[in-house]
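S.K.: Sharing a structure below in structure tokens format, with a few things to ask.
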Amino acid sequence: MILITRILFVGLLTALCSIAQAAGLTIEITKGSQTAVPIAVVPFAQQGAVGNVKLSDVISSDLAGSGFFKSLSEDDMLTKPSEPERVNFKDWQVLGQDYLTIGQVVGNGGSYNIQFYLYNVANGQLLMGYKLTAGANELRRAAHHISDLIYEKLTGRKGAFNTRIAYVTSAAKGNGKQYLLQIADADGFNPRTVAESPEPIMAPAWSPDGSKIAYVSFHTKRSEVYVQTLSTGHREAVSSFHGINGAPAFSPDGGSLALTLSKDGSPDIYVLNLSSRNLTRLTTGLSIDTEPNWSPDGSSIVFTSDQGGKPQLYLIPSSGGKATRLTFQGDYNARGRFSADGRSLAMVTGSGGGYRIAVMDMATHTVNVLTDGRLDDSPSFAPNGSMVLYSANKGGRSVLSVTSTDGAMQQKLAFDSGEVREPVWGP
Amino acid sequence: MQKFGTSIVLALALHLALVLLFAFSLDIDPDKAKAEAAPEIIEATMFDDSEIQKEAERLQQAEAERQQAAQIRQEQLENARHSEEQLLQQAKLQRQRQAEEQRQQEIAEKQRQDTLAEQKQQELAAQRKAEEKRQQDNEARAQEEKKAKEAQEKQQQAEIAQKQAEKQKQAEIEAKKQEQDRKQADQQKKLQEQKAEEARQLAVEKEKQAVIAAEKAENEKRAAEALAKAKAEKAEKAEKADKEKQAAAAAEKAEREKQIAKAKADKAEKDKQAAIAAEKAEKADAEKEKRAAEAAAKAKAERVEKEKQAAEAAAKAKAAEKEKQLAAEKAEKEKQAVEAAAKAKAAEKAEKEKQAAEAAAKAKAEKEKQLAAEKAEKDRLAAEAAAKAKAEKEKQAAEAAAAAAKAQAEEKAAAQAAAATEIKRISGLIQSRVVNAWTRPISATQGLKCIIKVKLLPSGDVMDADVVTSSGDEVFDRSAENAVRKASPLPVPQDKNLFNEYFRELTFPFKPE
Amino acid sequence: MKFNKTLLALTITAFMLAGCSSDDNESLATDTSGTDASTTSTTPLSDGGMSSTPIGSGLGTGLGSGYGSGTTPSNASNLGPEFSDPSNPLSKQIIYFELDSSQIRQDFVPVVAAHAQYLTSHPNAHVILAGHTDERGSSEYNISLGEQRGKSVERLLKSQGVSASQLEVVSYGEEKPAVAGHNESAWQMNRRVEVGYQ
């Protein structure tokens with residue numbers, strides 16, 4: 001009996017399988033295009049007294065600047081709904097859009113109530129609906145927050161639009177110059193000055209929690225490294241040795257600072273424990289060893305060394321040990337900076353034609369050159385690793401530039417006048 | 001039996017017991033034997049000192065041999081150690097060589113990537129240059145148009161100037177007429193010379209003032225006209241400039257759209273051509289098969305005919321030979337009969353008669369035999385021919401049947417092949433539609449796979465699209481589902497049977513590569 | 001006799017067993033490749049020169065220094081007329097360098113020699129050797145390159161008898177170009193060491 005039932009069962013299974021096969025073909029899809037995803041951000045409807053910030057413009061340029069999206073221009077929109085009931089998805093399918101954002105802003109005395117919806121145009125599905133409240137002067141931050149939410153939902157990655165950058169500007173003042181260390185939003189808006197000097201300021205570095213900035217200042221006519229607390233403005237000279245004090249870099253736990261010091265002869269990498277003020281020397285030798293940067297797990301430090309003749313990047317355990325060479329391509333590789341996931345390393349790479357920004361994949365050691373300038377410098381990753389901020393030379397001036405890590409999108413950050421250099425992206 | 005049974009059982013039991021005892025005794029005995037033997041041996045050696053010494057010597061020799069063996073083993077082990085060290089050193093060398101090779105490969109790869117990156121940048125630069133050239137061409141065209149219009153305006157101004165010249169000539173003619181009238185008036189008024197002269201002087205002065213005023217008025221008119229023309233020209237130029245800019249922008253947009261459309265059209269055409277080529281290839285294959293079958297059938301028919309002809313020729317040859325033999329026999333026999341008659345004419349009439357009768361009878365018999373033989377042979381030939389004819393007919397019938405069967409099979413195969421090619425073609429179209437509509441998320445990693453099941457309406461519209469196997473990444477799944485929806489309506493076959501059997505439900509596995 | 005013989009037998013068997021065990025004890029030695037571990041010095045250095053005094057408070061308070069902008073290297077009011085005499089090598093207070101090099105060019109060696117002679121005869125004179133580079137490449141690496149150039153001039157001066165207490169080396173890297181411009185004619189004017197008398 002059991003045997004008979006087993007045979008019947010197997011027979012049923014095979015019959016079902018054959019039925020299933022007869023029910024339709026299987027067509028394999030393996031290729032597809034990795035182009036920017038088209039998204040439409042409809043201007044938000046405004047009620048009440050609303051500030052002069054157009055949220056849809058901020059969101060569109062955030063998303064397009066990441067290189068992942070292509071924002072539909074407002075002129076091409078057939079309709080501009082702001083309520084879910086008014087949305088007709090055919091209007092957006094015709095324009096070839098994949099996603100649609102609509103919203104409203106209501107001014108309420110000094111604060112604003114913002115509501116937005118994100119739709120999948122192909123099937124009309126509502127992917128996300130959100131209500132936010134923003135205080136006065138916080139409309140840009142609210143827009144960046146909406147960009148973060150949309151970006152995370154549609155790419156699975158964290159957004160980096162509500163982050164800050166630091167940089168140094170210099171302009172003529174009287175007979176000399178004025179150098180300003182400034183902090184601004186990631187899109188260059190809302191700059192604020194953090195330090196000022198008639199002598200150069202350089203190499204700003206953020207602490208991992210974003211509360212402090214370390215930098216090099218020459219205002220005593222020598223280089224010194226300072227650590228400044230942003231909320232209070234209080235600063236402290238942590239390294240003022242004989243010779244060079246430069247290239248500060250916070251460890252991932254914020255407790256140590258890697259430095260370049262030449263007090264013992266030639267420039268070498270040292271690690272300063274910020275609480276005990278213990279100084280540990282990591283490199284020795286007659287070559288120049290400078291520009292340290294910690295790996296995100298804190299186990300190793302990448303630095304620039306010309307022990308091989310010309311500057312190349314090397315990796316050394318942060319507790320000391322033997323340095324191994326990382327770069328073999330080109331005759332100049334310097335200023336290595338890790339991405340937050342440790343998988344990529346940005347650097348300045350030089351060859352015949354000039355100095356550009358390149359990114360090395362730490363797993364395969366392949367190097368991609370992202371920029372095509374001639375005097376590019378100081379690259380740093382956005383916290384989500386999707387973009388690289390660096391300084392370039394355009395029209396004889398130093399300007400800041402942002403490129404997506406696949407090199408597809410580039411944006412210039414505009415400043416009124418003077419030179420802007422040494423940018424670094426905050427956490 | 002019962003008596004025998006119990007006794008047999010008892011007997012068996014006894015036998016078993018004996019066997020067991022024997023076995024145990026066997027087990028026990030050897031130990032005992034050994035135990036007993038060992039002390040016996042010891043005792044034996046105790047009694048014999050020379051044997052002890054011999055055994056001691058033997059043992060020492062054994063030890064020596066063992067030590068030698070141990071030494072040999074040590075040497076072997078040392079050799080093994082040496083060889084292992086050498087192997088390790090070789091391995092180290094190999095690792096070093098491999099490391100060097102890897103470095104060289106890394107350098108080579110990085111050089112290749114360098115060149116690739118430079119090529120990409122060159123391509124980007126080339127594209128930018130091409131765009132700049134287009135812009136310059138547009139500007140050149142705009143400038144040419146401006147020049148053409150300026151030429152037209154100059155012509156218009158020339159015409160206006162001509163008209164003004166004509167007007168001036170007319171005014172001069174009128175002035176001359178007026179002067180002639182005044183001269184006649186002077187001649188008539190010669191008597192009133194003083195008053196007339198005064199009047200003339202006054203009139204001349206008035207005329208001069210009038211001419212001056214007229215000239216001033218004409219200059220002012222000309223100036224006003226020139227100003228008006230200049231304003232009109234500026235307005236026209238401004239309008240033209242705006243229109244040209246708009247036209248240039250529209251032209252660029254149109255050109256980009258045309259290029260995109262052209263690219264899409266090229267892709268569609270390529271797909272169609274590929275499908276058509278596939279169909280043609282399959283049709284050619286089917287025809288080739290038919291021709292081959294026909295040729296084989298013809299060959300077989302020819303062979304059969306040749307065999308028939310050969311058989312008939314052989315049969316005819318045999319019949320001719322037999323006839324010749326019979327004719328020879330007849331001739332010989334007649335001669336014999338004549339000779340016999342000639343010899344025995346006088347004596348044996350009866351014998352002659354008898355012989356003649358016998359000869360006649362023999363002849364008749366022989367004739368009958370011949371006739372019978374001939375008949376038999378004719379029958380045989382006829383039977384053989386008939387048999388051959390039947391065989392041929394059967395063969396032909398079989399061949400016809402086979403041919404018919406082949407034809408039917410070929411039709412079925414052709415129909416199936418046609419259906420299969422149609423399925424392939426439509427599947428290819430669907431695949432390329434969905435691939436073109438799929439925007440892969442940039443975070444897609446290798447190894448992700450999701451399966452979308454789709455239900456179609458007969459028009460090809462996607463009725464349902466569901467994720468039956470998720471890749472684990474919501475973004476990836478959504479991109480796959482969107483791709484299928486955006487590709488709707490999908491191409492489907494015209495044949496409803498084909499549609500119902502294969503295309504009502506489709507399964508799309510998405511695997512980025 | 002029995003016991004002796006048994007003892008003999010036992011010893012013989014013991015020899016046999018020892019032989020066997022010695023065979024077993026020979027084990028294959030595994031070769032372990034040595035890893036070179038470089039020793040690092042982890043001496044905690046407490047430098048008395050490092051001050052931790054809080055400097056100023058509040059945002060954007062500028063800390064002006066007592067000196068000028070620094071482009072004029074020397075405080076010329078203390079120096080004699082030979083420093084402004086164009087025919088005197090002491091009037092040249094800027095030493096130029098080739099690309100990627102910290103080697104003093106041959107035509108500037110007499111300039112350095114003149115300054116060495118002045119410094120040895122004026123033991124109270126002090127100079128700051130300020131090293132600079134052109135703008136190409138990474139700015140922090142260029143700080144180190146500038147120091148190399150300053151130290152090269154310092155070595156040459158010391159080799160001619162100038163005492164170390166009269167010399168100090170500072171590097172500004174690419175931060176203070178003498179000539180603004182993005183071509184070789186500007187860059188060659190920026191690769192320099194400035195001899196700044198205090």
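How things are named: the first chain in the structure tokens is A, the next is B, and so on; residues count from 1 in each chain; ligands count from 1 in the order shown.
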Find the residues around stretch 95-102 of chain C up to 8 Å (only C-alpha atoms counted), leave out those fewer than 4 positions away in its own chain, and share them as a PyMOL selection string.
M.R.: chain C and resi 108+145+148-149+152+188-195
S.K.: So that each row is one residue of chain A with an atom at most 9 Å from chain B, can you give its shortest atom pair and the distance in Å to one decimal, using only C-alpha atoms, rows by chain and rising number, as a Markdown table?
M.R.:
```
| residue | atom | partner | partner_atom | distance |
| --- | --- | --- | --- | --- |
| A:Gln21 | CA | B:Tyr502 | CA | 8.8 |
| A:Ala22 | CA | B:Glu501 | CA | 6.3 |
| A:Ala23 | CA | B:Glu505 | CA | 6.1 |
| A:Gly24 | CA | B:Tyr502 | CA | 4.3 |
| A:Leu25 | CA | B:Leu506 | CA | 5.3 |
| A:Thr26 | CA | B:Thr507 | CA | 4.6 |
| A:Ile27 | CA | B:Phe508 | CA | 5.2 |
| A:Glu28 | CA | B:Pro509 | CA | 5.1 |
| A:Ile29 | CA | B:Phe510 | CA | 4.8 |
| A:Thr30 | CA | B:Lys511 | CA | 4.8 |
| A:Lys31 | CA | B:Pro512 | CA | 5.9 |
| A:Gly32 | CA | B:Trp438 | CA | 5.1 |
| A:Ser33 | CA | B:Thr439 | CA | 5.3 |
| A:Gln34 | CA | B:Arg440 | CA | 5.2 |
| A:Thr35 | CA | B:Thr439 | CA | 6.5 |
| A:Ala36 | CA | B:Thr439 | CA | 8.0 |
| A:Val37 | CA | B:Thr439 | CA | 7.0 |
| A:Phe68 | CA | B:Ile442 | CA | 7.4 |
| A:Gln93 | CA | B:Lys486 | CA | 8.2 |
| A:Gly96 | CA | B:Lys486 | CA | 8.9 |
| A:Asp98 | CA | B:Asn482 | CA | 8.0 |
| A:Asn120 | CA | B:Asn482 | CA | 8.3 |
| A:Val121 | CA | B:Asn482 | CA | 8.6 |
| A:Ala122 | CA | B:Asn482 | CA | 5.7 |
| A:Asn123 | CA | B:Arg485 | CA | 7.3 |
| A:Lys153 | CA | B:Val475 | CA | 7.7 |
| A:Leu154 | CA | B:Val475 | CA | 6.2 |
| A:Thr155 | CA | B:Val475 | CA | 6.2 |
| A:Gly156 | CA | B:Val475 | CA | 6.3 |
| A:Arg157 | CA | B:Ser443 | CA | 8.0 |
| A:Phe328 | CA | B:Ile107 | CA | 6.3 |
| A:Gln329 | CA | B:Lys110 | CA | 5.7 |
| A:Gly330 | CA | B:Gln111 | CA | 8.4 |
| A:His365 | CA | B:Glu106 | CA | 8.4 |
| A:Thr366 | CA | B:Lys110 | CA | 6.9 |
| A:Val367 | CA | B:Lys110 | CA | 7.3 |
| A:Asn368 | CA | B:Ala117 | CA | 7.1 |
| A:Val369 | CA | B:Ala117 | CA | 6.7 |
| A:Leu370 | CA | B:Ala117 | CA | 9.0 |
| A:Asp372 | CA | B:Gln121 | CA | 7.5 |
```
S.K.: Keeping only N, CA and C atoms, take the residues you just selected and write them out as a short mmCIF file (atom, residue, chain, number, x, y, z; two decimals), in the first residue's frame.
M.R.:
```cif
data_model
loop_
_atom_site.label_atom_id
_atom_site.label_comp_id
_atom_site.auth_asym_id
_atom_site.auth_seq_id
_atom_site.Cartn_x
_atom_site.Cartn_y
_atom_site.Cartn_z
N GLN A 21 5.71 23.39 -16.36
CA GLN A 21 6.54 23.77 -17.50
C GLN A 21 5.67 24.17 -18.66
N ALA A 22 4.59 23.46 -18.84
CA ALA A 22 3.76 23.83 -19.97
C ALA A 22 3.11 25.18 -19.75
N ALA A 23 3.12 25.69 -18.49
CA ALA A 23 2.40 26.93 -18.22
C ALA A 23 3.18 28.13 -18.74
N GLY A 24 4.40 28.06 -19.19
CA GLY A 24 5.02 29.26 -19.73
C GLY A 24 6.53 29.10 -19.85
N LEU A 25 7.11 30.03 -20.63
CA LEU A 25 8.53 29.99 -20.88
C LEU A 25 9.29 30.65 -19.74
N THR A 26 10.57 30.33 -19.67
CA THR A 26 11.48 31.01 -18.75
C THR A 26 12.48 31.78 -19.61
N ILE A 27 12.54 33.08 -19.41
CA ILE A 27 13.42 33.92 -20.20
C ILE A 27 14.40 34.59 -19.25
N GLU A 28 15.67 34.34 -19.43
CA GLU A 28 16.68 34.86 -18.52
C GLU A 28 17.06 36.28 -18.87
N ILE A 29 17.15 37.13 -17.84
CA ILE A 29 17.56 38.52 -18.04
C ILE A 29 18.89 38.71 -17.32
N THR A 30 19.95 38.96 -18.05
CA THR A 30 21.24 39.13 -17.40
C THR A 30 21.82 40.51 -17.57
N LYS A 31 21.56 41.17 -18.65
CA LYS A 31 22.16 42.48 -18.79
C LYS A 31 21.15 43.54 -18.41
N GLY A 32 21.59 44.71 -18.30
CA GLY A 32 20.69 45.83 -18.00
C GLY A 32 21.59 47.03 -18.04
N SER A 33 21.05 48.21 -18.08
CA SER A 33 21.93 49.36 -18.16
C SER A 33 22.06 49.98 -16.79
N GLN A 34 23.30 50.43 -16.46
CA GLN A 34 23.49 51.13 -15.18
C GLN A 34 23.50 52.61 -15.44
N THR A 35 22.37 53.14 -15.82
CA THR A 35 22.31 54.59 -16.06
C THR A 35 21.64 55.24 -14.87
N ALA A 36 21.66 56.57 -14.87
CA ALA A 36 21.02 57.30 -13.80
C ALA A 36 19.52 57.06 -13.85
N VAL A 37 18.93 56.90 -12.66
CA VAL A 37 17.51 56.60 -12.58
C VAL A 37 16.72 57.88 -12.74
N PHE A 68 23.48 59.14 -9.11
CA PHE A 68 22.59 57.98 -9.23
C PHE A 68 21.30 58.33 -9.93
N GLN A 93 4.67 58.17 -16.76
CA GLN A 93 5.20 57.07 -17.56
C GLN A 93 5.56 57.55 -18.95
N GLY A 96 8.86 58.90 -19.15
CA GLY A 96 9.94 57.96 -18.87
C GLY A 96 10.49 58.05 -17.47
N ASP A 98 10.91 56.98 -13.54
CA ASP A 98 10.74 55.80 -12.72
C ASP A 98 10.08 56.13 -11.39
N ASN A 120 6.39 54.84 -6.91
CA ASN A 120 6.97 54.04 -7.99
C ASN A 120 6.02 54.18 -9.18
N VAL A 121 6.52 54.84 -10.26
CA VAL A 121 5.61 55.19 -11.35
C VAL A 121 5.11 53.96 -12.09
N ALA A 122 5.96 52.91 -12.20
CA ALA A 122 5.58 51.76 -13.04
C ALA A 122 4.33 51.07 -12.53
N ASN A 123 4.16 50.96 -11.22
CA ASN A 123 2.96 50.29 -10.73
C ASN A 123 2.14 51.16 -9.79
N LYS A 153 15.93 55.00 0.39
CA LYS A 153 14.87 54.10 -0.02
C LYS A 153 15.14 53.51 -1.39
N LEU A 154 15.67 54.31 -2.29
CA LEU A 154 15.78 53.87 -3.67
C LEU A 154 17.11 53.23 -4.01
N THR A 155 18.15 53.44 -3.21
CA THR A 155 19.43 52.80 -3.52
C THR A 155 19.86 51.83 -2.45
N GLY A 156 19.20 51.84 -1.29
CA GLY A 156 19.63 50.96 -0.22
C GLY A 156 20.84 51.48 0.52
N ARG A 157 21.37 52.61 0.13
CA ARG A 157 22.55 53.16 0.80
C ARG A 157 22.17 54.38 1.59
N PHE A 328 51.50 51.14 -7.28
CA PHE A 328 52.59 50.82 -8.20
C PHE A 328 52.41 51.48 -9.54
N GLN A 329 51.29 52.20 -9.70
CA GLN A 329 50.95 52.74 -11.00
C GLN A 329 51.28 54.21 -11.00
N GLY A 330 51.95 54.69 -12.04
CA GLY A 330 52.26 56.11 -12.08
C GLY A 330 53.46 56.40 -11.21
N HIS A 365 42.81 46.13 -5.87
CA HIS A 365 43.93 47.04 -6.13
C HIS A 365 43.86 47.66 -7.52
N THR A 366 42.68 47.71 -8.12
CA THR A 366 42.56 48.45 -9.38
C THR A 366 42.37 49.93 -9.07
N VAL A 367 42.94 50.77 -9.91
CA VAL A 367 42.90 52.22 -9.68
C VAL A 367 42.11 52.87 -10.81
N ASN A 368 41.14 53.70 -10.44
CA ASN A 368 40.35 54.44 -11.42
C ASN A 368 40.63 55.92 -11.26
N VAL A 369 41.00 56.60 -12.34
CA VAL A 369 41.20 58.04 -12.27
C VAL A 369 39.86 58.71 -12.50
N LEU A 370 39.43 59.57 -11.54
CA LEU A 370 38.10 60.13 -11.59
C LEU A 370 38.04 61.49 -12.25
N ASP A 372 39.82 65.00 -14.44
CA ASP A 372 40.69 65.28 -15.59
C ASP A 372 41.35 66.64 -15.47
#
```
S.K.: Residues of chain A were defined as contacting chain C if any atom lay at most 7 Å from it, counting only C-alpha atoms; please report them as an NGL selection string.
M.R.: :A and (176 or 193-198 or 200 or 219-220 or 222 or 232-241 or 243 or 247 or 267 or 278-281 or 288 or 290-291 or 320-322 or 334-335 or 348 or 355 or 375 or 377-378)
S.K.: Next, dump the selected residues to file, keeping only N, CA and C atoms, as a compact mmCIF listing (two decimals), in the first residue's frame.
M.R.:
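The resulting selection27.txt:
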```txt
# COMPACT_ATOMS: atom_id res chain seq x y z
N GLY A 176 48.48 92.23 2.77
CA GLY A 176 48.77 90.80 2.84
C GLY A 176 47.53 90.01 2.51
N THR A 193 32.74 80.87 9.69
CA THR A 193 34.18 80.88 9.92
C THR A 193 34.50 80.31 11.28
N VAL A 194 35.52 79.45 11.33
CA VAL A 194 35.89 78.78 12.58
C VAL A 194 37.24 79.28 13.10
N ALA A 195 38.14 79.68 12.17
CA ALA A 195 39.43 80.22 12.59
C ALA A 195 39.91 81.17 11.51
N GLU A 196 40.79 82.10 11.92
CA GLU A 196 41.19 83.17 11.01
C GLU A 196 42.64 83.49 11.29
N SER A 197 43.42 83.80 10.23
CA SER A 197 44.83 84.09 10.45
C SER A 197 45.37 84.85 9.25
N PRO A 198 46.36 85.73 9.48
CA PRO A 198 47.01 86.35 8.34
C PRO A 198 48.07 85.44 7.72
N PRO A 200 49.16 81.21 6.67
CA PRO A 200 48.39 80.09 6.13
C PRO A 200 47.81 79.16 7.20
N HIS A 219 50.35 80.90 12.19
CA HIS A 219 50.26 82.29 12.61
C HIS A 219 51.41 82.69 13.54
N THR A 220 52.16 81.73 14.10
CA THR A 220 53.34 82.10 14.87
C THR A 220 54.58 82.03 13.99
N ARG A 222 55.56 79.60 12.40
CA ARG A 222 55.99 78.21 12.33
C ARG A 222 54.75 77.37 12.27
N THR A 232 32.34 75.35 21.21
CA THR A 232 32.79 76.45 22.07
C THR A 232 33.77 77.37 21.38
N GLY A 233 34.41 76.90 20.31
CA GLY A 233 35.45 77.69 19.69
C GLY A 233 36.77 77.63 20.41
N HIS A 234 36.83 76.90 21.52
CA HIS A 234 38.08 76.80 22.28
C HIS A 234 39.06 75.91 21.55
N ARG A 235 40.33 76.35 21.45
CA ARG A 235 41.30 75.52 20.74
C ARG A 235 42.57 75.40 21.56
N GLU A 236 43.34 74.35 21.21
CA GLU A 236 44.52 74.00 21.98
C GLU A 236 45.60 73.56 21.03
N ALA A 237 46.83 74.05 21.24
CA ALA A 237 47.95 73.59 20.42
C ALA A 237 48.42 72.25 20.97
N VAL A 238 48.24 71.18 20.22
CA VAL A 238 48.63 69.85 20.71
C VAL A 238 50.00 69.44 20.20
N SER A 239 50.55 70.13 19.20
CA SER A 239 51.86 69.73 18.70
C SER A 239 52.58 70.98 18.23
N SER A 240 53.68 71.28 18.91
CA SER A 240 54.40 72.51 18.59
C SER A 240 55.89 72.25 18.67
N PHE A 241 56.34 71.11 18.10
CA PHE A 241 57.73 70.72 18.18
C PHE A 241 58.58 71.52 17.22
N GLY A 243 60.62 72.02 14.00
CA GLY A 243 60.47 71.45 12.67
C GLY A 243 59.00 71.44 12.24
N ALA A 247 49.78 67.62 9.02
CA ALA A 247 48.96 66.51 8.54
C ALA A 247 48.25 65.77 9.65
N PRO A 267 60.92 64.07 8.06
CA PRO A 267 59.50 63.96 8.42
C PRO A 267 59.08 62.50 8.57
N ASN A 278 50.98 60.80 25.21
CA ASN A 278 52.09 59.93 24.81
C ASN A 278 52.29 60.03 23.32
N LEU A 279 53.57 60.09 22.90
CA LEU A 279 53.88 60.20 21.48
C LEU A 279 54.59 58.92 21.05
N THR A 280 54.07 58.26 20.03
CA THR A 280 54.67 57.02 19.53
C THR A 280 55.16 57.26 18.10
N ARG A 281 56.40 56.87 17.85
CA ARG A 281 56.93 57.07 16.51
C ARG A 281 56.71 55.81 15.69
N ILE A 288 60.98 61.03 3.31
CA ILE A 288 59.84 61.82 3.77
C ILE A 288 58.67 60.86 3.98
N THR A 290 54.78 61.16 5.36
CA THR A 290 53.84 62.18 5.77
C THR A 290 52.42 61.78 5.36
N GLU A 291 51.45 62.66 5.67
CA GLU A 291 50.05 62.50 5.26
C GLU A 291 49.44 61.20 5.76
N GLY A 320 52.46 49.97 14.90
CA GLY A 320 53.85 49.91 14.48
C GLY A 320 54.13 48.63 13.75
N GLY A 321 55.18 48.63 12.95
CA GLY A 321 55.56 47.43 12.23
C GLY A 321 56.12 47.77 10.88
N LYS A 322 56.02 46.81 10.00
CA LYS A 322 56.62 46.98 8.67
C LYS A 322 55.60 47.63 7.74
N ALA A 334 49.94 60.25 -3.70
CA ALA A 334 50.06 60.83 -2.37
C ALA A 334 48.68 61.10 -1.78
N ARG A 335 48.67 61.43 -0.48
CA ARG A 335 47.47 61.91 0.22
C ARG A 335 46.35 60.89 0.16
N VAL A 348 45.83 61.45 -4.57
CA VAL A 348 46.27 62.34 -5.64
C VAL A 348 47.28 61.53 -6.46
N TYR A 355 48.10 66.48 -12.13
CA TYR A 355 47.77 65.81 -10.88
C TYR A 355 46.27 65.67 -10.78
N LEU A 375 45.62 70.23 -11.63
CA LEU A 375 46.16 70.62 -10.32
C LEU A 375 45.17 70.20 -9.24
N ASP A 377 43.74 68.27 -5.90
CA ASP A 377 44.42 67.94 -4.64
C ASP A 377 43.37 67.67 -3.57
N SER A 378 43.81 67.12 -2.44
CA SER A 378 43.04 67.02 -1.21
C SER A 378 41.71 66.29 -1.40
```
S.K.: Record the distance separating atom CA of A:Tyr270 and atom CA of C:Val153, expressed in Å with one decimal.
M.R.: 26.3 Å
S.K.: Write down, as a tab-separated table (two decimals) with N, CA and C atoms, in the first residue's frame, each residue of chain B that has any atom within 8 Å of an atom of chain C, counting only C-alpha atoms.
M.R.:
```tsv
chain	number	residue	atom	x	y	z
B	46	MET	N	68.44	-23.42	30.86
B	46	MET	CA	69.22	-23.43	32.09
B	46	MET	C	70.24	-24.56	32.09
B	59	LEU	N	71.40	-12.91	20.37
B	59	LEU	CA	70.67	-11.69	20.75
B	59	LEU	C	71.53	-10.45	20.49
B	63	GLU	N	70.75	-7.43	18.32
B	63	GLU	CA	70.82	-6.02	18.73
B	63	GLU	C	71.65	-5.23	17.75
B	66	ARG	N	69.82	-4.67	14.87
B	66	ARG	CA	68.79	-3.64	15.06
B	66	ARG	C	69.41	-2.26	15.13
B	67	GLN	N	70.56	-2.18	15.79
B	67	GLN	CA	71.20	-0.87	15.85
B	67	GLN	C	71.59	-0.40	14.46
B	70	ALA	N	68.65	0.70	12.97
B	70	ALA	CA	68.28	2.02	13.51
B	70	ALA	C	69.12	3.11	12.88
B	73	ARG	N	67.93	3.66	9.61
B	73	ARG	CA	66.70	4.49	9.64
B	73	ARG	C	67.05	5.94	9.91
B	74	GLN	N	67.99	6.18	10.84
B	74	GLN	CA	68.36	7.57	11.12
B	74	GLN	C	68.88	8.26	9.86
B	77	LEU	N	66.12	9.04	7.71
B	77	LEU	CA	65.36	10.19	8.20
B	77	LEU	C	66.10	11.48	7.92
B	81	ARG	N	64.95	14.54	5.92
B	81	ARG	CA	64.96	15.93	6.38
B	81	ARG	C	65.61	16.83	5.34
B	85	GLU	N	63.97	19.86	3.48
B	85	GLU	CA	64.47	21.24	3.51
B	85	GLU	C	64.62	21.78	2.11
B	88	LEU	N	61.35	22.66	0.83
B	88	LEU	CA	60.83	23.92	1.39
B	88	LEU	C	61.55	25.11	0.76
```
S.K.: Per DSSP on the backbone, what are the strand (DSSP E or B) residues of stretch 130-181 of chain C, as a short mmCIF file (atom, residue, chain, number, x, y, z; two decimals) with N, CA and C atoms, in the first residue's frame?
M.R.:
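Once written, states_6.cif looks like this:
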```
data_model
loop_
_atom_site.label_atom_id
_atom_site.label_comp_id
_atom_site.auth_asym_id
_atom_site.auth_seq_id
_atom_site.Cartn_x
_atom_site.Cartn_y
_atom_site.Cartn_z
N ALA C 130 63.37 80.02 4.93
CA ALA C 130 61.99 79.62 4.64
C ALA C 130 61.96 78.85 3.32
N GLY C 131 61.59 77.56 3.35
CA GLY C 131 61.55 76.73 2.15
C GLY C 131 60.17 76.77 1.51
N HIS C 132 60.14 76.81 0.17
CA HIS C 132 58.88 76.86 -0.60
C HIS C 132 58.95 75.91 -1.77
N LEU C 167 70.74 79.68 12.90
CA LEU C 167 69.92 79.22 11.77
C LEU C 167 68.63 78.58 12.26
N GLU C 168 67.57 78.83 11.54
CA GLU C 168 66.31 78.13 11.81
C GLU C 168 65.64 77.86 10.46
N VAL C 169 65.05 76.68 10.32
CA VAL C 169 64.40 76.29 9.05
C VAL C 169 62.89 76.22 9.26
N VAL C 170 62.18 76.84 8.33
CA VAL C 170 60.71 76.80 8.34
C VAL C 170 60.28 76.40 6.92
N SER C 171 59.18 75.68 6.80
CA SER C 171 58.70 75.37 5.44
C SER C 171 57.25 75.80 5.30
N TYR C 172 56.96 76.48 4.20
CA TYR C 172 55.59 76.88 3.87
C TYR C 172 55.01 76.06 2.72
N GLY C 173 55.79 75.15 2.19
CA GLY C 173 55.31 74.33 1.09
C GLY C 173 54.84 75.18 -0.08
#
```
S.K.: Please run DSSP on the backbone and report, as a PyMOL selection string, all residues within stretch 53-294 of chain A that come out as helix (DSSP H, G or I).
M.R.: chain A and resi 55-65+74-76+84-86+89-94+139-155
S.K.: List the neighbours of A:Ser287 out to 9 Å using only C-alpha atoms; skip same-chain residues closer than 5 positions along the sequence, and give me the result as a ChimeraX atom specification.
M.R.: /A:266-268,305-309
